[in-house]
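J.: Quick one, model-v3.txt (compact mmCIF, C-alpha atoms):
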```
# COMPACT_ATOMS: atom_id res chain seq x y z
CA MET B 194 0.00 0.00 0.00
CA GLU B 195 1.62 3.20 -1.15
CA GLN B 196 0.89 6.27 0.88
CA GLU B 197 1.73 9.89 0.39
CA PHE B 198 2.34 11.75 3.60
CA SER B 199 2.30 15.51 3.73
CA SER B 200 5.16 15.32 6.23
CA ILE B 201 8.59 13.71 5.92
CA LEU B 202 8.80 13.64 9.73
CA LEU B 203 5.60 11.57 9.90
CA GLU B 204 6.81 9.35 7.07
CA THR B 205 10.08 8.69 8.93
CA ALA B 206 8.35 7.94 12.24
CA VAL B 207 5.93 5.53 10.51
CA ALA B 208 8.84 3.76 8.79
CA GLU B 209 10.68 3.37 12.11
CA LEU B 210 7.60 2.20 14.03
CA SER B 211 6.74 -0.36 11.35
CA ARG B 212 10.10 -2.09 12.00
CA LEU B 213 8.82 -3.23 15.41
CA PRO B 214 7.66 -6.86 15.53
CA GLY B 215 3.94 -7.26 14.86
CA VAL B 216 3.59 -3.63 13.75
CA GLY B 217 2.64 -3.23 10.09
CA ARG B 218 2.47 0.03 8.18
CA LYS B 219 -1.20 0.63 9.03
CA THR B 220 -0.62 0.09 12.76
CA ALA B 221 2.49 2.29 12.63
CA LEU B 222 0.44 5.10 11.09
CA ARG B 223 -2.25 4.66 13.75
CA LEU B 224 0.38 4.86 16.50
CA ALA B 225 2.05 7.92 14.91
CA LEU B 226 -1.26 9.78 14.58
CA HIS B 227 -2.06 8.87 18.20
CA ILE B 228 1.27 10.36 19.31
CA LEU B 229 0.50 13.52 17.31
CA ARG B 230 -2.87 13.87 19.04
CA GLN B 231 -1.28 13.69 22.52
CA ASP B 232 0.63 16.49 24.26
CA GLU B 233 4.09 17.19 22.90
CA SER B 234 5.61 16.16 26.25
CA ALA B 235 4.06 12.67 26.00
CA GLY B 236 5.57 11.99 22.58
CA VAL B 237 8.96 13.34 23.65
CA SER B 238 8.93 11.19 26.84
CA LEU B 239 8.23 8.09 24.78
CA GLY B 240 11.08 8.84 22.37
CA GLU B 241 13.51 9.67 25.17
CA ALA B 242 12.58 6.56 27.17
CA ILE B 243 13.41 4.39 24.15
CA ILE B 244 16.74 6.15 23.52
CA ASN B 245 17.76 6.12 27.20
CA MET B 246 16.88 2.45 27.52
CA ARG B 247 18.79 1.47 24.38
CA ARG B 248 21.85 3.51 25.37
CA GLY B 249 21.80 2.66 29.07
CA VAL B 250 20.92 -1.02 29.24
CA LYS B 251 23.88 -3.41 29.00
CA TYR B 252 24.24 -7.12 29.66
CA CYS B 253 25.58 -8.45 32.98
CA SER B 254 29.09 -9.84 32.45
CA VAL B 255 28.33 -12.77 34.76
CA CYS B 256 24.81 -13.99 33.91
CA HIS B 257 24.06 -12.07 30.65
CA ASN B 258 20.80 -10.72 32.02
CA ILE B 259 20.08 -7.06 31.18
CA SER B 260 21.65 -4.63 33.59
CA GLU B 261 22.55 -0.97 33.89
CA THR B 262 25.82 -1.90 35.58
CA GLU B 263 28.75 -4.21 34.68
CA VAL B 264 27.33 -6.85 37.07
CA CYS B 265 23.54 -7.01 37.50
CA PRO B 266 21.79 -6.44 40.86
CA ILE B 267 21.01 -10.17 41.22
CA CYS B 268 24.62 -11.28 40.67
CA SER B 269 25.99 -8.57 42.94
CA SER B 270 23.38 -9.08 45.70
CA GLU B 271 24.71 -10.09 49.12
CA VAL B 272 21.68 -12.24 49.93
CA ARG B 273 21.48 -14.34 46.76
CA ASP B 274 22.96 -17.84 46.79
CA LYS B 275 25.77 -17.80 44.18
CA SER B 276 26.21 -21.58 44.37
CA THR B 277 22.84 -22.27 42.68
CA VAL B 278 22.63 -21.21 39.02
CA CYS B 279 19.30 -21.35 37.17
CA VAL B 280 19.87 -21.66 33.40
CA VAL B 281 17.15 -19.87 31.38
CA GLU B 282 16.54 -19.07 27.73
CA SER B 283 15.95 -15.33 27.88
CA VAL B 284 15.91 -12.12 29.86
CA LYS B 285 12.14 -12.45 30.01
CA ASP B 286 12.41 -15.84 31.71
CA VAL B 287 14.50 -14.25 34.48
CA MET B 288 11.60 -11.85 35.12
CA ILE B 289 9.13 -14.73 35.16
CA PHE B 290 11.16 -16.73 37.69
CA GLU B 291 11.73 -13.63 39.83
CA ASN B 292 7.96 -13.12 39.91
CA THR B 293 7.49 -16.58 41.46
CA ARG B 294 9.53 -15.37 44.50
CA GLN B 295 10.57 -19.01 44.95
CA PHE B 296 14.22 -18.71 43.91
CA ASN B 297 17.07 -17.16 45.81
CA GLY B 298 19.95 -18.31 43.58
CA VAL B 299 21.41 -16.61 40.53
CA TYR B 300 20.76 -16.99 36.78
CA HIS B 301 22.55 -17.73 33.55
CA VAL B 302 20.81 -16.43 30.41
CA LEU B 303 21.61 -18.58 27.36
CA GLY B 304 20.07 -16.24 24.81
CA GLY B 305 17.97 -19.01 23.21
CA VAL B 306 17.98 -22.78 22.78
CA ILE B 307 19.73 -25.03 20.27
CA SER B 308 17.57 -25.07 17.15
CA PRO B 309 19.13 -26.32 13.90
CA MET B 310 15.91 -25.34 12.06
CA ASP B 311 16.54 -21.69 12.99
CA GLY B 312 20.29 -22.01 12.48
CA ILE B 313 21.05 -21.66 16.20
CA GLY B 314 23.91 -23.88 17.36
CA PRO B 315 25.59 -24.13 20.78
CA ASP B 316 28.22 -21.55 19.80
CA GLN B 317 25.61 -18.80 19.41
CA LEU B 318 24.44 -19.40 22.98
CA GLU B 319 26.12 -18.57 26.30
CA ILE B 320 26.95 -22.24 26.95
CA ASN B 321 30.75 -21.91 27.03
CA SER B 322 30.50 -19.10 29.53
CA LEU B 323 28.28 -21.35 31.69
CA VAL B 324 30.90 -24.10 31.60
CA GLU B 325 33.60 -21.58 32.57
CA ARG B 326 31.43 -20.33 35.41
CA VAL B 327 30.98 -23.87 36.73
CA ASN B 328 34.69 -24.68 36.27
CA ALA B 329 35.57 -21.60 38.32
CA GLY B 330 34.42 -23.65 41.30
CA ASP B 331 31.80 -21.90 43.42
CA VAL B 332 28.74 -23.38 41.70
CA LYS B 333 27.22 -26.42 43.45
CA GLU B 334 23.96 -26.85 41.51
CA VAL B 335 22.87 -26.00 37.97
CA ILE B 336 19.08 -25.94 37.47
CA LEU B 337 18.08 -26.44 33.84
CA ALA B 338 14.97 -24.30 33.41
CA LEU B 339 14.46 -24.33 29.65
CA SER B 340 11.17 -24.84 27.82
CA ALA B 341 9.80 -28.41 27.82
CA THR B 342 10.05 -28.52 24.02
CA MET B 343 12.19 -30.63 21.71
CA GLU B 344 14.71 -27.76 21.40
CA GLY B 345 14.73 -27.13 25.14
CA GLU B 346 15.30 -30.82 25.95
CA THR B 347 18.08 -31.02 23.33
CA THR B 348 19.80 -28.01 24.90
CA ASN B 349 19.35 -29.50 28.39
CA PHE B 350 21.03 -32.68 27.21
CA TYR B 351 23.87 -30.78 25.51
CA ILE B 352 24.59 -28.80 28.69
CA PHE B 353 24.33 -31.99 30.77
CA ARG B 354 27.02 -33.60 28.57
CA LYS B 355 29.23 -30.49 28.67
CA LEU B 356 29.09 -30.38 32.48
CA GLY B 357 29.35 -34.18 32.89
CA SER B 358 33.02 -34.08 33.85
CA THR B 359 32.43 -31.60 36.70
CA GLN B 360 31.20 -32.42 40.21
CA VAL B 361 28.24 -30.00 39.91
CA LYS B 362 24.72 -31.27 40.69
CA ILE B 363 22.49 -30.88 37.61
CA THR B 364 18.73 -30.65 38.14
CA GLN B 365 15.79 -29.70 35.96
CA LEU B 366 12.35 -28.21 36.55
CA ALA B 367 9.73 -30.73 37.71
CA ARG B 368 7.43 -31.92 34.94
CA GLY B 369 3.86 -32.42 36.11
CA VAL B 370 0.24 -31.32 36.04
CA SER B 371 -0.01 -27.52 35.87
CA VAL B 372 -1.60 -25.97 38.95
CA GLY B 373 -5.24 -25.26 38.07
CA ASN B 374 -5.34 -27.75 35.18
CA GLU B 375 -7.82 -30.63 35.01
CA ILE B 376 -6.51 -34.18 34.69
CA GLU B 377 -8.87 -34.76 31.76
CA TYR B 378 -7.09 -32.13 29.70
CA THR B 379 -3.50 -32.98 30.68
CA ASP B 380 -1.49 -34.87 28.05
CA GLU B 381 -0.41 -38.47 28.70
CA ILE B 382 3.35 -37.83 28.72
CA THR B 383 2.97 -35.17 31.37
CA LEU B 384 0.64 -37.42 33.40
CA GLY B 385 3.10 -40.30 33.12
CA ARG B 386 5.99 -38.16 34.38
CA SER B 387 3.88 -36.67 37.14
CA LEU B 388 3.13 -40.21 38.37
CA LEU B 389 6.78 -41.29 38.25
CA ASN B 390 7.91 -38.15 40.07
CA ARG B 391 5.06 -38.02 42.60
CA THR B 392 5.86 -36.09 45.77
CA LEU B 393 4.83 -36.48 49.41
CA PHE B 394 1.51 -34.72 49.95
CA SER B 395 2.70 -33.30 53.26
CA ASP B 396 5.59 -31.56 51.43
CA SER B 397 3.17 -29.24 49.65
CA PHE B 398 2.18 -27.71 53.01
CA ASN B 399 5.79 -27.05 53.92
CA SER B 400 7.00 -25.62 50.62
CA GLY B 401 5.14 -22.35 51.05
CA VAL B 402 3.65 -22.56 47.54
CA LEU B 403 0.22 -23.67 48.72
CA MET U 299 0.46 -8.36 36.60
CA GLU U 300 3.27 -7.05 38.72
CA GLN U 301 6.74 -7.28 37.30
CA GLU U 302 10.14 -6.57 38.74
CA PHE U 303 12.61 -5.29 36.22
CA SER U 304 16.31 -5.25 36.91
CA SER U 305 16.50 -1.93 35.09
CA ILE U 306 14.68 1.34 35.73
CA LEU U 307 15.41 2.35 32.13
CA LEU U 308 13.60 -0.75 30.84
CA GLU U 309 10.76 -0.19 33.31
CA THR U 310 10.34 3.40 32.08
CA ALA U 311 10.40 2.41 28.41
CA VAL U 312 7.82 -0.34 29.01
CA ALA U 313 5.57 2.10 30.88
CA GLU U 314 5.81 4.63 28.02
CA LEU U 315 5.24 2.03 25.28
CA SER U 316 2.22 0.59 27.08
CA ARG U 317 0.49 3.99 26.80
CA LEU U 318 0.17 3.49 23.05
CA PRO U 319 -3.29 2.36 21.89
CA GLY U 320 -3.62 -1.43 21.65
CA VAL U 321 -0.29 -1.98 23.42
CA GLY U 322 -0.62 -3.72 26.79
CA ARG U 323 2.15 -4.27 29.30
CA LYS U 324 3.12 -7.65 27.85
CA THR U 325 3.36 -6.29 24.31
CA ALA U 326 5.29 -3.26 25.55
CA LEU U 327 7.83 -5.58 27.21
CA ARG U 328 8.12 -7.63 24.01
CA LEU U 329 8.75 -4.45 22.00
CA ALA U 330 11.31 -3.16 24.52
CA LEU U 331 13.23 -6.45 24.55
CA HIS U 332 13.15 -6.45 20.74
CA ILE U 333 14.65 -2.94 20.71
CA LEU U 334 17.36 -4.10 23.14
CA ARG U 335 18.26 -7.01 20.84
CA GLN U 336 18.72 -4.70 17.84
CA ASP U 337 21.73 -2.43 17.20
CA GLU U 338 21.93 0.64 19.37
CA SER U 339 21.55 2.86 16.28
CA ALA U 340 18.17 1.26 15.41
CA GLY U 341 16.71 1.99 18.85
CA VAL U 342 18.07 5.54 18.84
CA SER U 343 16.66 6.19 15.33
CA LEU U 344 13.23 5.04 16.47
CA GLY U 345 13.30 7.31 19.52
CA GLU U 346 14.58 10.28 17.56
CA ALA U 347 12.02 9.79 14.77
CA ILE U 348 9.21 9.93 17.36
CA ILE U 349 10.62 13.05 19.04
CA ASN U 350 11.33 14.84 15.75
CA MET U 351 7.85 14.04 14.46
CA ARG U 352 6.13 15.21 17.64
CA ARG U 353 8.17 18.43 17.80
CA GLY U 354 8.12 19.20 14.08
CA VAL U 355 4.62 18.34 12.92
CA LYS U 356 2.08 21.16 13.25
CA TYR U 357 -1.42 21.65 11.88
CA CYS U 358 -2.10 23.66 8.74
CA SER U 359 -3.76 26.94 9.70
CA VAL U 360 -6.11 26.70 6.69
CA CYS U 361 -7.28 23.07 6.50
CA HIS U 362 -6.03 21.64 9.86
CA ASN U 363 -4.25 18.78 8.14
CA ILE U 364 -0.83 17.91 9.58
CA SER U 365 1.96 20.00 8.12
CA GLU U 366 5.54 20.96 8.81
CA THR U 367 4.82 24.50 7.68
CA GLU U 368 2.23 27.15 8.66
CA VAL U 369 0.21 26.27 5.54
CA CYS U 370 0.34 22.67 4.30
CA PRO U 371 1.69 21.67 0.83
CA ILE U 372 -1.84 20.96 -0.45
CA CYS U 373 -3.24 24.37 0.59
CA SER U 374 -0.19 26.22 -0.72
CA SER U 375 0.01 24.28 -4.00
CA GLU U 376 -0.36 26.32 -7.20
CA VAL U 377 -2.13 23.52 -9.07
CA ARG U 378 -4.83 22.61 -6.52
CA ASP U 379 -8.32 24.02 -6.99
CA LYS U 380 -8.96 26.19 -3.90
CA SER U 381 -12.64 26.63 -4.78
CA THR U 382 -13.48 22.96 -4.03
CA VAL U 383 -13.20 21.98 -0.35
CA CYS U 384 -13.53 18.35 0.67
CA VAL U 385 -14.62 18.07 4.33
CA VAL U 386 -13.14 14.99 6.06
CA GLU U 387 -13.06 13.62 9.60
CA SER U 388 -9.36 13.10 10.11
CA VAL U 389 -5.81 13.51 8.89
CA LYS U 390 -5.89 9.86 7.86
CA ASP U 391 -8.89 10.47 5.60
CA VAL U 392 -6.87 13.13 3.73
CA MET U 393 -4.24 10.47 3.00
CA ILE U 394 -6.92 8.04 1.84
CA PHE U 395 -8.46 10.55 -0.57
CA GLU U 396 -5.02 11.61 -1.84
CA ASN U 397 -4.30 7.95 -2.59
CA THR U 398 -7.34 7.78 -4.89
CA ARG U 399 -5.66 10.44 -7.10
CA GLN U 400 -9.17 11.53 -8.08
CA PHE U 401 -9.28 14.86 -6.27
CA ASN U 402 -7.53 18.07 -7.17
CA GLY U 403 -9.25 20.38 -4.67
CA VAL U 404 -8.31 21.16 -1.08
CA TYR U 405 -9.42 19.71 2.26
CA HIS U 406 -10.91 20.74 5.58
CA VAL U 407 -10.17 18.38 8.48
CA LEU U 408 -12.95 18.48 11.10
CA GLY U 409 -11.08 16.43 13.71
CA GLY U 410 -14.01 14.02 14.21
CA VAL U 411 -17.79 13.90 13.85
CA ILE U 412 -20.57 15.05 16.14
CA SER U 413 -21.13 12.25 18.65
CA PRO U 414 -23.09 13.07 21.82
CA MET U 415 -22.34 9.54 23.11
CA ASP U 416 -18.61 10.38 23.13
CA GLY U 417 -19.21 13.92 24.35
CA ILE U 418 -18.18 15.48 21.02
CA GLY U 419 -20.26 18.48 20.05
CA PRO U 420 -19.91 20.87 17.08
CA ASP U 421 -17.71 23.25 19.12
CA GLN U 422 -14.97 20.66 19.50
CA LEU U 423 -14.78 20.27 15.73
CA GLU U 424 -13.39 22.63 13.08
CA ILE U 425 -16.87 23.56 11.86
CA ASN U 426 -16.76 27.28 12.66
CA SER U 427 -13.46 27.60 10.80
CA LEU U 428 -15.12 25.89 7.81
CA VAL U 429 -17.97 28.40 7.87
CA GLU U 430 -15.45 31.28 8.04
CA ARG U 431 -13.53 29.77 5.15
CA VAL U 432 -16.71 29.61 3.04
CA ASN U 433 -17.78 33.12 4.09
CA ALA U 434 -14.39 34.45 2.95
CA GLY U 435 -15.76 33.94 -0.56
CA ASP U 436 -13.45 31.87 -2.79
CA VAL U 437 -15.09 28.50 -2.08
CA LYS U 438 -17.63 27.38 -4.72
CA GLU U 439 -18.25 23.78 -3.64
CA VAL U 440 -18.10 21.95 -0.30
CA ILE U 441 -17.93 18.13 -0.62
CA LEU U 442 -19.11 16.36 2.54
CA ALA U 443 -16.92 13.25 2.74
CA LEU U 444 -17.71 11.96 6.22
CA SER U 445 -18.42 8.33 7.15
CA ALA U 446 -21.83 6.97 6.13
CA THR U 447 -22.72 6.41 9.78
CA MET U 448 -25.36 7.98 12.00
CA GLU U 449 -22.75 10.38 13.43
CA GLY U 450 -21.37 11.21 9.99
CA GLU U 451 -24.84 11.92 8.57
CA THR U 452 -25.70 14.07 11.62
CA THR U 453 -22.54 16.09 11.10
CA ASN U 454 -23.28 16.39 7.37
CA PHE U 455 -26.72 17.77 8.18
CA TYR U 456 -25.34 20.18 10.79
CA ILE U 457 -22.81 21.58 8.33
CA PHE U 458 -25.50 21.76 5.62
CA ARG U 459 -27.65 23.88 7.93
CA LYS U 460 -24.71 26.10 8.97
CA LEU U 461 -23.82 26.79 5.32
CA GLY U 462 -27.47 27.08 4.21
CA SER U 463 -27.37 30.88 4.08
CA THR U 464 -24.35 30.95 1.76
CA GLN U 465 -24.35 30.50 -2.02
CA VAL U 466 -21.91 27.58 -1.87
CA LYS U 467 -22.80 24.30 -3.61
CA ILE U 468 -22.91 21.45 -1.07
CA THR U 469 -22.40 17.89 -2.32
CA GLN U 470 -21.73 14.58 -0.65
CA LEU U 471 -19.98 11.36 -1.64
CA ALA U 472 -22.07 9.04 -3.82
CA ARG U 473 -23.67 6.18 -1.90
CA GLY U 474 -23.74 2.94 -3.84
CA VAL U 475 -22.50 -0.58 -4.30
CA SER U 476 -18.79 -0.84 -3.43
CA VAL U 477 -16.59 -1.73 -6.39
CA GLY U 478 -15.88 -5.47 -6.17
CA ASN U 479 -18.90 -6.20 -3.93
CA GLU U 480 -21.61 -8.68 -4.86
CA ILE U 481 -25.23 -7.51 -5.02
CA GLU U 482 -26.26 -10.46 -2.82
CA TYR U 483 -24.18 -9.11 0.09
CA THR U 484 -25.00 -5.42 -0.28
CA ASP U 485 -27.49 -4.02 2.24
CA GLU U 486 -30.94 -2.87 1.10
CA ILE U 487 -30.51 0.80 1.99
CA THR U 488 -27.34 1.04 -0.08
CA LEU U 489 -29.02 -0.83 -2.96
CA GLY U 490 -32.03 1.49 -2.78
CA ARG U 491 -29.85 4.59 -2.93
CA SER U 492 -27.69 3.14 -5.70
CA LEU U 493 -30.89 2.64 -7.77
CA LEU U 494 -32.15 6.17 -7.10
CA ASN U 495 -28.78 7.69 -7.96
CA ARG U 496 -27.99 5.46 -10.93
CA THR U 497 -25.52 6.92 -13.41
CA LEU U 498 -25.11 6.71 -17.19
CA PHE U 499 -23.11 3.60 -18.01
CA SER U 500 -21.13 5.51 -20.64
CA ASP U 501 -19.94 7.95 -17.94
CA SER U 502 -17.88 5.23 -16.25
CA PHE U 503 -15.66 5.01 -19.34
CA ASN U 504 -15.04 8.74 -19.37
CA SER U 505 -14.35 9.21 -15.68
CA GLY U 506 -10.96 7.50 -15.83
CA VAL U 507 -11.78 5.32 -12.82
CA LEU U 508 -12.46 2.18 -14.85
```
If you convert what's in this file into structure tokens, what do you get?
T.:
Amino acid sequence: MEQEFSSILLETAVAELSRLPGVGRKTALRLALHILRQDESAGVSLGEAIINMRRGVKYCSVCHNISETEVCPICSSEVRDKSTVCVVESVKDVMIFENTRQFNGVYHVLGGVISPMDGIGPDQLEINSLVERVNAGDVKEVILALSATMEGETTNFYIFRKLGSTQVKITQLARGVSVGNEIEYTDEITLGRSLLNRTLFSDSFNSGVL
Amino acid sequence: MEQEFSSILLETAVAELSRLPGVGRKTALRLALHILRQDESAGVSLGEAIINMRRGVKYCSVCHNISETEVCPICSSEVRDKSTVCVVESVKDVMIFENTRQFNGVYHVLGGVISPMDGIGPDQLEINSLVERVNAGDVKEVILALSATMEGETTNFYIFRKLGSTQVKITQLARGVSVGNEIEYTDEITLGRSLLNRTLFSDSFNSGVL
């Protein structure tokens, strides 16, 4: 769809907005016209927030989570347990685990999972840096917290092999029935694993989750 | 959904992005993380494009379309027919009519239509400025090009009454079967009006549309 704008500035903003994922040219125009209808200060704040974020946010040199400092607040916290490292796919997954308030260790952000279909091999992920971190000595447990997909399981297995020669304890997230889900609608593989890995009922009172 | 970000800069950008229409907090976070994954220059260009647009784009003092100058390129063009004014709801509608390449007159952007349900009365729209423009004398025809909705028709009628005392010719967009639509799926009111306002078949060859 060709469009003639009476303003180069609008044209430029629409072109930039339409580079965002899920934002086509029509949506970009709608957003730009919305910004024009608002106060000037609102549009300027939005633009400045994007620039400040992009310029100011770096990646933690230890765990590769986003951070405004060389080492992120989680890695530099006095109260977090540095000996337990939770391996996650993305920055977003760190936020999700932090929201559970059930984890007091530290993270290691891989930046994805091994996926030959998407051309992502182990070398594009932060796997070597994880191995170095474990070899450095202080880590006692590595929790594999990747998605329960084919790619996630492949990556889990690759990391498991890479760390096999070390003394570190390697665990993974429990597979089981999702809280709130009905048995009738839970798949058979999940049900099978939830039976094999059944837990003591009394433990659920003590864990603090229920 | 409460979320703890490890970065105030990210938090601020997500809050600003989630003020955009149709962008919730989850989408805003997805957009922000996308911007962080891109080159720094891409994020900065986006932010600057928004700021430059918001600071640079004004409204034309004649037709109220967006413009980077006091009078927009359409109103100041030598080749446009200033005696024919097409009245539209919004800036976007100007773009849509320009894309048809069927109109060589000028525009008047109302900024909406009369809608008591949304608290929009005639005084919030650029109706008085339209009347002044017509009273100034050079306008020979006013084309009412508002939506064929209850609110659009109400606004058409209001403008018609306001301009009733002048000598200006007042027309409106033809109502009829949309090009490409099947008769079977066209509503009865539209069909009725398309019968009443039928045109000479030979005219469609001469208009340049077909």
J.: Would you mind listing what lies within 12 Å of Ser270 (chain B) as a list in words, with only C-alpha atoms counted and same-chain residues fewer than 4 positions away left out?
T.: Val264, Cys265, Pro266, Asp274, Lys275, Asn297, Gly298 and Val299 of chain B; Ser304 of chain U
J.: Go ahead and dump the residues you just picked, C-alpha atoms, as a compact mmCIF listing (two decimals), in the frame of the given file.
T.:
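Output file again_10.txt follows:
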```
# COMPACT_ATOMS: atom_id res chain seq x y z
CA VAL B 264 27.33 -6.85 37.07
CA CYS B 265 23.54 -7.01 37.50
CA PRO B 266 21.79 -6.44 40.86
CA ASP B 274 22.96 -17.84 46.79
CA LYS B 275 25.77 -17.80 44.18
CA ASN B 297 17.07 -17.16 45.81
CA GLY B 298 19.95 -18.31 43.58
CA VAL B 299 21.41 -16.61 40.53
CA SER U 304 16.31 -5.25 36.91
```
J.: Between U:Leu428, U:Ala313, U:Val477, U:Leu334, which residue has the minimum interatomic distance to chain B, considering only C-alpha atoms?
T.: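 When distances to chain B are compared using only C-alpha atoms, the smallest one comes from U:Leu334.
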J.: How many Å lie between CA of Gln231 (chain B) and CA of Leu408 (chain U), rounded to one decimal?
T.: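 Calculated distance between CA of Gln231 (chain B) and CA of Leu408 (chain U) is 17.0 Å.
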J.: Given a cut-off of 8 Å, which residues of chain B touch chain U, counting all atoms listed in the file, written out as an mmCIF file with C-alpha atoms, keeping the file's coordinate frame?
T.:
```cif
data_model
loop_
_atom_site.group_PDB
_atom_site.id
_atom_site.type_symbol
_atom_site.label_atom_id
_atom_site.label_comp_id
_atom_site.auth_asym_id
_atom_site.auth_seq_id
_atom_site.Cartn_x
_atom_site.Cartn_y
_atom_site.Cartn_z
ATOM 1 C CA GLU B 195 1.620 3.200 -1.150
ATOM 2 C CA GLN B 196 0.890 6.270 0.880
ATOM 3 C CA GLU B 197 1.730 9.890 0.390
ATOM 4 C CA PHE B 198 2.340 11.750 3.600
ATOM 5 C CA SER B 199 2.300 15.510 3.730
ATOM 6 C CA SER B 200 5.160 15.320 6.230
ATOM 7 C CA LEU B 202 8.800 13.640 9.730
ATOM 8 C CA LEU B 203 5.600 11.570 9.900
ATOM 9 C CA THR B 205 10.080 8.690 8.930
ATOM 10 C CA ALA B 206 8.350 7.940 12.240
ATOM 11 C CA GLU B 209 10.680 3.370 12.110
ATOM 12 C CA LEU B 210 7.600 2.200 14.030
ATOM 13 C CA LEU B 213 8.820 -3.230 15.410
ATOM 14 C CA PRO B 214 7.660 -6.860 15.530
ATOM 15 C CA LEU B 224 0.380 4.860 16.500
ATOM 16 C CA ALA B 225 2.050 7.920 14.910
ATOM 17 C CA HIS B 227 -2.060 8.870 18.200
ATOM 18 C CA ILE B 228 1.270 10.360 19.310
ATOM 19 C CA LEU B 229 0.500 13.520 17.310
ATOM 20 C CA GLU B 233 4.090 17.190 22.900
ATOM 21 C CA GLY B 236 5.570 11.990 22.580
ATOM 22 C CA VAL B 237 8.960 13.340 23.650
ATOM 23 C CA SER B 238 8.930 11.190 26.840
ATOM 24 C CA LEU B 239 8.230 8.090 24.780
ATOM 25 C CA GLY B 240 11.080 8.840 22.370
ATOM 26 C CA GLU B 241 13.510 9.670 25.170
ATOM 27 C CA ALA B 242 12.580 6.560 27.170
ATOM 28 C CA ILE B 243 13.410 4.390 24.150
ATOM 29 C CA ILE B 244 16.740 6.150 23.520
ATOM 30 C CA ASN B 245 17.760 6.120 27.200
ATOM 31 C CA MET B 246 16.880 2.450 27.520
ATOM 32 C CA ARG B 247 18.790 1.470 24.380
ATOM 33 C CA ARG B 248 21.850 3.510 25.370
ATOM 34 C CA GLY B 249 21.800 2.660 29.070
ATOM 35 C CA VAL B 250 20.920 -1.020 29.240
ATOM 36 C CA ILE B 259 20.080 -7.060 31.180
ATOM 37 C CA SER B 260 21.650 -4.630 33.590
ATOM 38 C CA GLU B 261 22.550 -0.970 33.890
ATOM 39 C CA CYS B 265 23.540 -7.010 37.500
ATOM 40 C CA PRO B 266 21.790 -6.440 40.860
ATOM 41 C CA MET B 288 11.600 -11.850 35.120
ATOM 42 C CA GLU B 291 11.730 -13.630 39.830
ATOM 43 C CA ASN B 292 7.960 -13.120 39.910
#
```
J.: Can you report as JSON the centre and edge lengths in Å, to one decimal, of an axis-aligned box around the listed atoms of region 371-381 of chain U padded with 5 Å on each side?
T.:
```
{"center_x": -5.5, "center_y": 23.8, "center_z": -4.1, "size_x": 24.3, "size_y": 15.7, "size_z": 19.9}
```
J.: Which residue is closest to Val386 (chain U)? Choose from U:Val411, U:Ala434, U:Cys358, U:Leu498 and count all atoms listed in the file.
T.: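 Distance minimum relative to Val386 (chain U) lands on U:Val411.
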J.: So that I can check the surroundings of Val466 (chain U), please list as a PDB file with C-alpha atoms, keeping the file's coordinate frame every protein, DNA and RNA residue that reaches within 9 Å of it, counting all atoms listed in the file and ignoring chain neighbours fewer than 6 positions away.
T.:
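around.pdb, written as the output of this step:
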```pdb
ATOM      1  CA  VAL U 432     -16.710  29.610   3.040  1.00  0.00           C
ATOM      2  CA  GLY U 435     -15.760  33.940  -0.560  1.00  0.00           C
ATOM      3  CA  VAL U 437     -15.090  28.500  -2.080  1.00  0.00           C
ATOM      4  CA  LYS U 438     -17.630  27.380  -4.720  1.00  0.00           C
ATOM      5  CA  GLU U 439     -18.250  23.780  -3.640  1.00  0.00           C
ATOM      6  CA  VAL U 440     -18.100  21.950  -0.300  1.00  0.00           C
TER       7      VAL U 440
END
```
J.: State, in Å with one decimal place, the distance from CA of Ala443 (chain U) to CA of Arg473 (chain U).
T.: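 Distance reported for this atom pair: 10.8 Å.
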J.: So what do you get for CA of Phe401 (chain U) versus CA of Gly490 (chain U), distance-wise?
T.: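 Calculated distance between CA of Phe401 (chain U) and CA of Gly490 (chain U) is 26.6 Å.
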J.: If you count all atoms listed in the file, which residues fall within 8 Å of region 340-342 of chain B, apart from same-chain ones fewer than 3 positions away, as a list in words?
T.: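 Neighbouring residues, sequence-local ones excluded: Glu282, Gly345 and Glu346 of chain B.
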J.: Any chance you can output those residues with C-alpha atoms as a CSV table (one decimal), in the frame of the given file?
T.:
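Written file, selection.csv:
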```csv
chain,number,residue,atom,x,y,z
B,282,GLU,CA,16.5,-19.1,27.7
B,345,GLY,CA,14.7,-27.1,25.1
B,346,GLU,CA,15.3,-30.8,26.0
```
J.: Please determine, counting only C-alpha atoms, which residue among B:Tyr378, B:Met343, B:Asp286, B:Asn390 has the shortest atom-to-atom distance to Met310 (chain B).
T.: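 Going through B:Tyr378, B:Met343, B:Asp286, B:Asn390 one by one, the smallest distance to Met310 (chain B) is for B:Met343.
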